[in-house]
Amino acid sequence: MSRLIIVSNRLPVSVERRAGEYTYRRSVGGLATGLGSYTEGSSRDTVWVGWPGLPSNRMDSTDRTRVREALVSGHSSEPVFLTDRDIADHYYGFSNRTLWPLFHNFTEHVEYSGATWAAYERVNRKFAEAVAGIAERGDTIWVQDYQLLLLPALLRERSPEASVGFFLHIPFPCFETFRMLPWRREVTEGLLGADLIGFHTYDYVRHFLACARSLLGLDQQHGELHVEGRRVLADAFPMGIDFDRYSDSTRYRGSLREAKHLRATSATRKIVLSVDRLDYTKGIPERLRAFDCLLERYPEWRGKVSMVCVAVPSRSQVHEYRMLKEEVDRLVGHLNGRWSSIEWTPVRYLYRSLPFHRLAALYSASDIAFVTPLRDGMNLIAKEYCAAQPAGTGVLILSEMAGAAKELGEALLVNPNDADAMVASLVRALEMPADEQADRMRAMRNRIKRYDVFRWVEDFLESLQAVKAEQIRDASRTLDEAAAERLLAGYRDAQRRVLLLDYDGTLMPFATQPEHVAPDETVLSLVSELAEDSRNEVVVVSGRDRHTLQSWLGHLPIGLVAEHGVWIRPNGGEWATIEPMSDSWKPRVRQVLEIFVDRTPGSFIEEKDFSLVWHHRDVQHALADTRRAELRDALAGMLPSMGLATMEGNRVVEIKRAEVNKGRAIHRWVSGEDTSGLVFAVGDDRTDEDVFEATPPGAWTVKVGPGATSALYSVPDVWAVRALLYRMIQEDR
């Protein structure tokens with residue numbers, strides 16, 4: 001089992017200095033709690049990299065060495081020392097004044113600062129140096145959360161073969177929000193340095209993939225992207241909790257005593273529990289207002305229900321958080337001043353972090369958990385509350401805006417912006433029969449138990465391992481130097497060679513307008529020199545119309561295939577169709593295509609002799625995907641009866657005769673007895689797969705670019721194809 005290096009902004013160990021001595025204690029809450037259970041219970045050798053909690057400028061070199069040695073030897077942790085300025089600008093600045101509000105859709109709180117961005121880059125580089133200093137070949141590196149979005153790419157620069165995973169613990173915004181970030185491209189490229197990018201829900205995956213496509217033009221299939229020839233996967237892994245720890249919590253003496261005390265002091269009253277960090281994303285004021293409204297509208301519940309509101313201090317240095325605390329203090333005071341009596345206080349307000357035994361006691365003693373963030377990546381409090389209900393009762397009210405809502409459908413789901421719905425959910429929870437509570441809670445507990453934090457970690461790491469295995473398989477298919485030498489040796493010795501060359505995306509790079517891809521001098525020279533050798537039959541097999549191919553390449557002594565196999569022109573011969581053709585269907589199909597052109601700015605129709613092509617290379621990617629699917633549906637009912645089919649290529653949809661393709665067209669060059677010698681076929685898209693499949697056994701088939709293929713080998717781009725053809729020419733000199 002490979003060593004696991006977990007990289008996060010903070011270590012799971014906090015270092016403090018008291019009376020000149022350093023103390024080390026386990027960090028409470030957040031990522032440290034979530035992953036700490038796994039690292040403590042796993043047999044895997046794990047090292048944690050992160051900031052230890054003390055500014056390095058307040059320590060001399062001797063102290064830093066002493067702290068590092070203590071963390072490495074006693075806590076399997078590698079510290080990243082940050083200065084006060086680093087912490088202010090990276091953590092409190094860019095991370096929490098730019099990324100945090102932007103990713104949670106609180107755009108009114110976002111600050112855009114070149115200075116804090118520079119600090120963010122600088123600190124990510126410090127982390128990269130720290131990881132590089134301890135990483136060994138075979139290690140698995142797992143980067144955590146929004147403070148380190150640039151780190152995967154920085155690690156990739158240092159170790160191209162490293163196994164790097166990334167997990168985002170907060171939401172990933174839609175493109176319309178993410179595009180507001182001036183450094184959106186750098187952040188996206190930073191994430192794509194990872195082999196596996198994990199999110200809590202598929203919605204966040206979908207948002208990220210849309211951003212990768214809109215910003216970098218990266219297409220995806222089933223969450224898989226290809227970045228500079230490297231396979232990258234984005235997928236959803238809903239984070240779990242240490243279920244047994246919370247489920248067994250009431251057996252602990254401290255928790256049991258605390259729970260009994262809470263029950264005794266509440267007498268026959270219902271307890272509504274609200275636990276969260278004091279953050280503007282958590283919706284705490286909205287919760288208090290809903291509880292106030294409940295007491296106003298339903299007087300029968302006055303004196304019979306109490307709210308315990310635990311607000312854990314957070315980022316008190318930030319202005320918005322100080323203002324939020326003032327608002328919460330004011331609302332609690334208003335509620336208690338308005339409704340309390342000598343015997344009853346509506347809200348018990350705790351502005352502090354609670355130790356585990358007290359928090360577990362609160363969970364088990366509460367009748368209702370009121371978990372209604374305005375926006376949340378996952379929200380583990382909802383899962384912890386369910387796990388801490390071994391008796392099987394209790395009601396979870398959960399915000400639709402929390403990632404946990406995707407898993408906990410048996411909760412009372414509510415829109416936290418709908419005040420009336422919030423009140424109604426409280427009433428329903430207070431009145432819910434015990435048997436319904438038990439049914440709902442049982443289903444949620446079973447699900448949480450099955451997919452706990454241990455399963456979450458192993459699921460992610462197994463998926464990362466699978467991606468790396470796919471990358472290794474991809475590398476084995478790459479036409480490396482050894483394979484290229486074998487190809488060239490076969491080329492040199494063959495008495496007859498058939499070279500089947502695609503045009504767009506193979507000999508020439510793509511352009512927005514098809515007419516802008518006339519062959520350059522390099523292509524003309526390469527094809528001409530290859531064709532001059534009497535042993536070579538060069539055939540350009542293209543989707544272009546025959547008139548364009550004739551004007552560009554017709555003067556060369558080569559064979560030409562146009563319109564994906566409709567037209568064939570042998571070397572020195574005349575153009576002829578592969579079989580009798582008709583274009584009588586065109587007006588009917590064109591009417592449909594014109595509707596899509598009108599509805600899709602940037603798209604256009606190209607007409608060939610016996611096909612129509614809808615181009616969408618200059619269309620926004622998400623819109624193009626939608627329209628392409630709609631076009632398939634619109635044509636599905638009419639094409640089969642006319643013997644037609646849609647063929648999707650690189651940013652095009654072509655309508656043509658169903659049985660005509662490039663594979664059929666090349667039979668005249670690769671079939672029959674005269675197939676000895678060397679056959680070489682190269683192409684970049686789905687239409688070229690027909691050629692690869694039609695070649696005889698022993699043929700050299702090469703796919704240009706990433707993606708699934710039946711070709712035996714692959715090369716990265718047009719320039720690699722040209723270099724290979726040039727080497728073929730050199731073999732004959």
# chains A, B, ... in the order shown; residues from 1 in each chain; ligands from 1
$ residues_around --residues "segment 440-452 of chain A" --least-positions-apart "4" --cutoff "9 Å" --atoms "only C-alpha atoms" --output "list in words"
Pro238, Met239, Gly240, Ile241, Asp242, Phe243, Asp244, Lys383, Cys386, Ala387, Gln389, Pro390, Gly392, Thr393, Gly394, Val395, Leu396, Glu407, Leu408, Gly409, Glu410, Ala411, Asp435, Glu436, Trp456 and Val457 of chain A
$ residues_around --residues "segment 550-566 of chain A" --least-positions-apart "2" --cutoff "8 Å" --atoms "only C-alpha atoms" --output "ChimeraX atom specification"
/A:518-519,524,528,531-532,537-548,568-572,577-579,608,610-611,660-665,687
$ write_last_selection --atoms "C-alpha atoms" --output "compact mmCIF listing (two decimals), in the first residue's frame"
# COMPACT_ATOMS: atom_id res chain seq x y z
CA ALA A 518 -6.16 25.49 -46.74
CA PRO A 519 -2.97 23.41 -46.70
CA LEU A 524 1.93 20.42 -49.43
CA SER A 528 4.10 15.83 -52.43
CA ALA A 531 3.67 10.78 -53.30
CA GLU A 532 6.80 11.06 -55.45
CA GLU A 537 0.05 5.29 -52.58
CA VAL A 538 -0.97 8.38 -50.66
CA VAL A 539 -4.69 8.88 -50.05
CA VAL A 540 -6.18 11.87 -48.25
CA VAL A 541 -9.42 10.64 -46.69
CA SER A 542 -11.45 13.68 -45.71
CA GLY A 543 -14.89 14.94 -44.83
CA ARG A 544 -14.32 17.98 -47.05
CA ASP A 545 -16.34 18.43 -50.23
CA ARG A 546 -14.69 17.30 -53.44
CA HIS A 547 -14.41 20.80 -54.95
CA THR A 548 -12.40 22.05 -51.99
CA ILE A 568 -13.53 8.94 -54.61
CA ARG A 569 -10.81 10.11 -56.96
CA PRO A 570 -7.98 7.63 -57.55
CA ASN A 571 -4.58 8.97 -58.47
CA GLY A 572 -4.82 10.16 -62.09
CA THR A 577 -19.47 8.46 -56.25
CA ILE A 578 -19.04 5.25 -54.28
CA GLU A 579 -22.56 4.29 -55.44
CA LYS A 608 -21.78 19.33 -49.84
CA PHE A 610 -24.63 14.64 -50.92
CA SER A 611 -24.56 15.79 -47.32
CA VAL A 660 -21.47 5.42 -46.70
CA ASN A 661 -18.35 6.04 -44.64
CA LYS A 662 -14.59 6.38 -44.95
CA GLY A 663 -14.07 2.71 -44.17
CA ARG A 664 -16.00 1.61 -47.26
CA ALA A 665 -14.21 4.16 -49.40
CA THR A 687 -15.22 9.22 -38.70
$ residues_around --residues "Met508 of chain A" --least-positions-apart "3" --cutoff "8 Å" --atoms "only C-alpha atoms" --output "JSON, numbers by chain"
{"A": [503, 504, 505, 517, 519, 523, 718]}
$ write_last_selection --atoms "C-alpha atoms" --output "short mmCIF file (atom, residue, chain, number, x, y, z; two decimals), in the first residue's frame"
data_model
loop_
_atom_site.label_atom_id
_atom_site.label_comp_id
_atom_site.auth_asym_id
_atom_site.auth_seq_id
_atom_site.Cartn_x
_atom_site.Cartn_y
_atom_site.Cartn_z
CA TYR A 503 -7.01 16.13 -43.28
CA ASP A 504 -8.66 18.35 -40.61
CA GLY A 505 -7.18 17.76 -37.18
CA VAL A 517 -7.72 25.63 -43.28
CA PRO A 519 -2.97 23.41 -46.70
CA VAL A 523 1.61 19.97 -45.69
CA VAL A 718 -0.98 17.61 -35.76
#
$ closest_residue --among "A:Ser364, A:Ser306, A:Asn417, A:Thr709" --to "Asn336 of chain A" --atoms "only C-alpha atoms"
A:Ser306
$ residues_around --residues "segment 70-72 of chain A" --least-positions-apart "2" --cutoff "12 Å" --atoms "only C-alpha atoms" --output "PyMOL selection string"
chain A and resi 11-15+22-26+46-52+63-68+74-80+134
$ write_last_selection --atoms "N, CA and C atoms" --output "mmCIF file, in the first residue's frame"
data_model
loop_
_atom_site.group_PDB
_atom_site.id
_atom_site.type_symbol
_atom_site.label_atom_id
_atom_site.label_comp_id
_atom_site.auth_asym_id
_atom_site.auth_seq_id
_atom_site.Cartn_x
_atom_site.Cartn_y
_atom_site.Cartn_z
ATOM 1 N N LEU A 11 -2.833 21.716 9.784
ATOM 2 C CA LEU A 11 -2.534 20.370 10.254
ATOM 3 C C LEU A 11 -3.621 19.906 11.220
ATOM 4 N N PRO A 12 -3.752 18.596 11.406
ATOM 5 C CA PRO A 12 -4.698 18.112 12.415
ATOM 6 C C PRO A 12 -4.174 18.314 13.835
ATOM 7 N N VAL A 13 -2.975 18.897 13.940
ATOM 8 C CA VAL A 13 -2.352 19.193 15.228
ATOM 9 C C VAL A 13 -2.123 20.701 15.303
ATOM 10 N N SER A 14 -2.570 21.320 16.389
ATOM 11 C CA SER A 14 -2.347 22.747 16.603
ATOM 12 C C SER A 14 -1.186 22.938 17.562
ATOM 13 N N VAL A 15 -0.280 23.823 17.195
ATOM 14 C CA VAL A 15 0.892 24.104 18.020
ATOM 15 C C VAL A 15 0.674 25.439 18.725
ATOM 16 N N TYR A 22 6.431 24.840 23.759
ATOM 17 C CA TYR A 22 5.468 24.512 22.710
ATOM 18 C C TYR A 22 4.626 23.312 23.126
ATOM 19 N N THR A 23 3.323 23.437 22.932
ATOM 20 C CA THR A 23 2.398 22.344 23.222
ATOM 21 C C THR A 23 1.703 21.929 21.938
ATOM 22 N N TYR A 24 1.289 20.665 21.895
ATOM 23 C CA TYR A 24 0.694 20.096 20.693
ATOM 24 C C TYR A 24 -0.623 19.421 21.078
ATOM 25 N N ARG A 25 -1.699 19.844 20.440
ATOM 26 C CA ARG A 25 -2.996 19.237 20.735
ATOM 27 C C ARG A 25 -3.750 18.996 19.429
ATOM 28 N N ARG A 26 -4.628 18.025 19.473
ATOM 29 C CA ARG A 26 -5.405 17.670 18.290
ATOM 30 C C ARG A 26 -6.363 18.800 17.944
ATOM 31 N N THR A 46 0.622 7.328 6.666
ATOM 32 C CA THR A 46 0.075 8.622 6.275
ATOM 33 C C THR A 46 0.909 9.759 6.844
ATOM 34 N N VAL A 47 1.177 10.752 6.015
ATOM 35 C CA VAL A 47 1.851 11.979 6.434
ATOM 36 C C VAL A 47 0.928 13.135 6.102
ATOM 37 N N TRP A 48 0.815 14.075 7.024
ATOM 38 C CA TRP A 48 -0.067 15.228 6.823
ATOM 39 C C TRP A 48 0.798 16.475 6.669
ATOM 40 N N VAL A 49 0.529 17.267 5.637
ATOM 41 C CA VAL A 49 1.262 18.500 5.375
ATOM 42 C C VAL A 49 0.327 19.685 5.553
ATOM 43 N N GLY A 50 0.747 20.686 6.334
ATOM 44 C CA GLY A 50 -0.101 21.855 6.527
ATOM 45 C C GLY A 50 0.523 22.855 7.477
ATOM 46 N N TRP A 51 -0.171 23.956 7.680
ATOM 47 C CA TRP A 51 0.284 25.012 8.581
ATOM 48 C C TRP A 51 0.018 24.582 10.022
ATOM 49 N N PRO A 52 1.008 24.726 10.932
ATOM 50 C CA PRO A 52 0.825 24.264 12.309
ATOM 51 C C PRO A 52 0.088 25.232 13.214
ATOM 52 N N ASP A 63 13.634 27.421 16.922
ATOM 53 C CA ASP A 63 12.278 27.023 17.287
ATOM 54 C C ASP A 63 11.582 26.308 16.134
ATOM 55 N N ARG A 64 11.774 26.800 14.919
ATOM 56 C CA ARG A 64 11.130 26.155 13.770
ATOM 57 C C ARG A 64 11.643 24.729 13.601
ATOM 58 N N THR A 65 12.955 24.555 13.788
ATOM 59 C CA THR A 65 13.528 23.211 13.689
ATOM 60 C C THR A 65 12.978 22.303 14.777
ATOM 61 N N ARG A 66 12.862 22.839 15.990
ATOM 62 C CA ARG A 66 12.362 22.035 17.108
ATOM 63 C C ARG A 66 10.902 21.634 16.872
ATOM 64 N N VAL A 67 10.081 22.589 16.405
ATOM 65 C CA VAL A 67 8.672 22.296 16.145
ATOM 66 C C VAL A 67 8.537 21.271 15.024
ATOM 67 N N ARG A 68 9.311 21.453 13.979
ATOM 68 C CA ARG A 68 9.224 20.504 12.858
ATOM 69 C C ARG A 68 9.601 19.097 13.303
ATOM 70 N N GLY A 74 6.450 12.884 16.214
ATOM 71 C CA GLY A 74 5.364 12.554 17.115
ATOM 72 C C GLY A 74 3.985 12.569 16.513
ATOM 73 N N HIS A 75 3.817 13.219 15.356
ATOM 74 C CA HIS A 75 2.475 13.386 14.807
ATOM 75 C C HIS A 75 2.393 13.099 13.310
ATOM 76 N N SER A 76 3.448 12.550 12.710
ATOM 77 C CA SER A 76 3.478 12.244 11.264
ATOM 78 C C SER A 76 3.012 13.439 10.443
ATOM 79 N N SER A 77 3.494 14.612 10.804
ATOM 80 C CA SER A 77 3.067 15.852 10.144
ATOM 81 C C SER A 77 4.278 16.655 9.694
ATOM 82 N N GLU A 78 4.171 17.209 8.502
ATOM 83 C CA GLU A 78 5.202 18.077 7.941
ATOM 84 C C GLU A 78 4.664 19.502 7.928
ATOM 85 N N PRO A 79 5.266 20.409 8.709
ATOM 86 C CA PRO A 79 4.730 21.766 8.785
ATOM 87 C C PRO A 79 5.121 22.627 7.582
ATOM 88 N N VAL A 80 4.195 23.506 7.202
ATOM 89 C CA VAL A 80 4.478 24.568 6.240
ATOM 90 C C VAL A 80 4.428 25.865 7.035
ATOM 91 N N ILE A 134 9.284 16.031 0.700
ATOM 92 C CA ILE A 134 9.100 14.742 1.380
ATOM 93 C C ILE A 134 8.541 13.658 0.467
#
$ closest_atom_pairs --of "segment 65-170 of chain A" --to "segment 468-477 of chain A" --cutoff "10 Å" --atoms "only C-alpha atoms" --output "tab-separated table"
residue	atom	partner	partner_atom	distance
A:Glu161	CA	A:Lys468	CA	9.2
A:Ala162	CA	A:Lys468	CA	9.2
A:Ser163	CA	A:Lys468	CA	6.9
A:Val164	CA	A:Lys468	CA	9.3
$ atom_distance --atom1 "atom CA of Trp700 of chain A" --atom2 "atom CA of Arg686 of chain A"
17.4 Å
$ select_by_dssp --residues "segment 365-410 of chain A" --states "strand (DSSP E or B)" --output "list in words"
Ile368, Ala369, Phe370, Val371, Asp376, Val395, Leu396, Ile397, Leu398, Ser399 and Ala402 of chain A
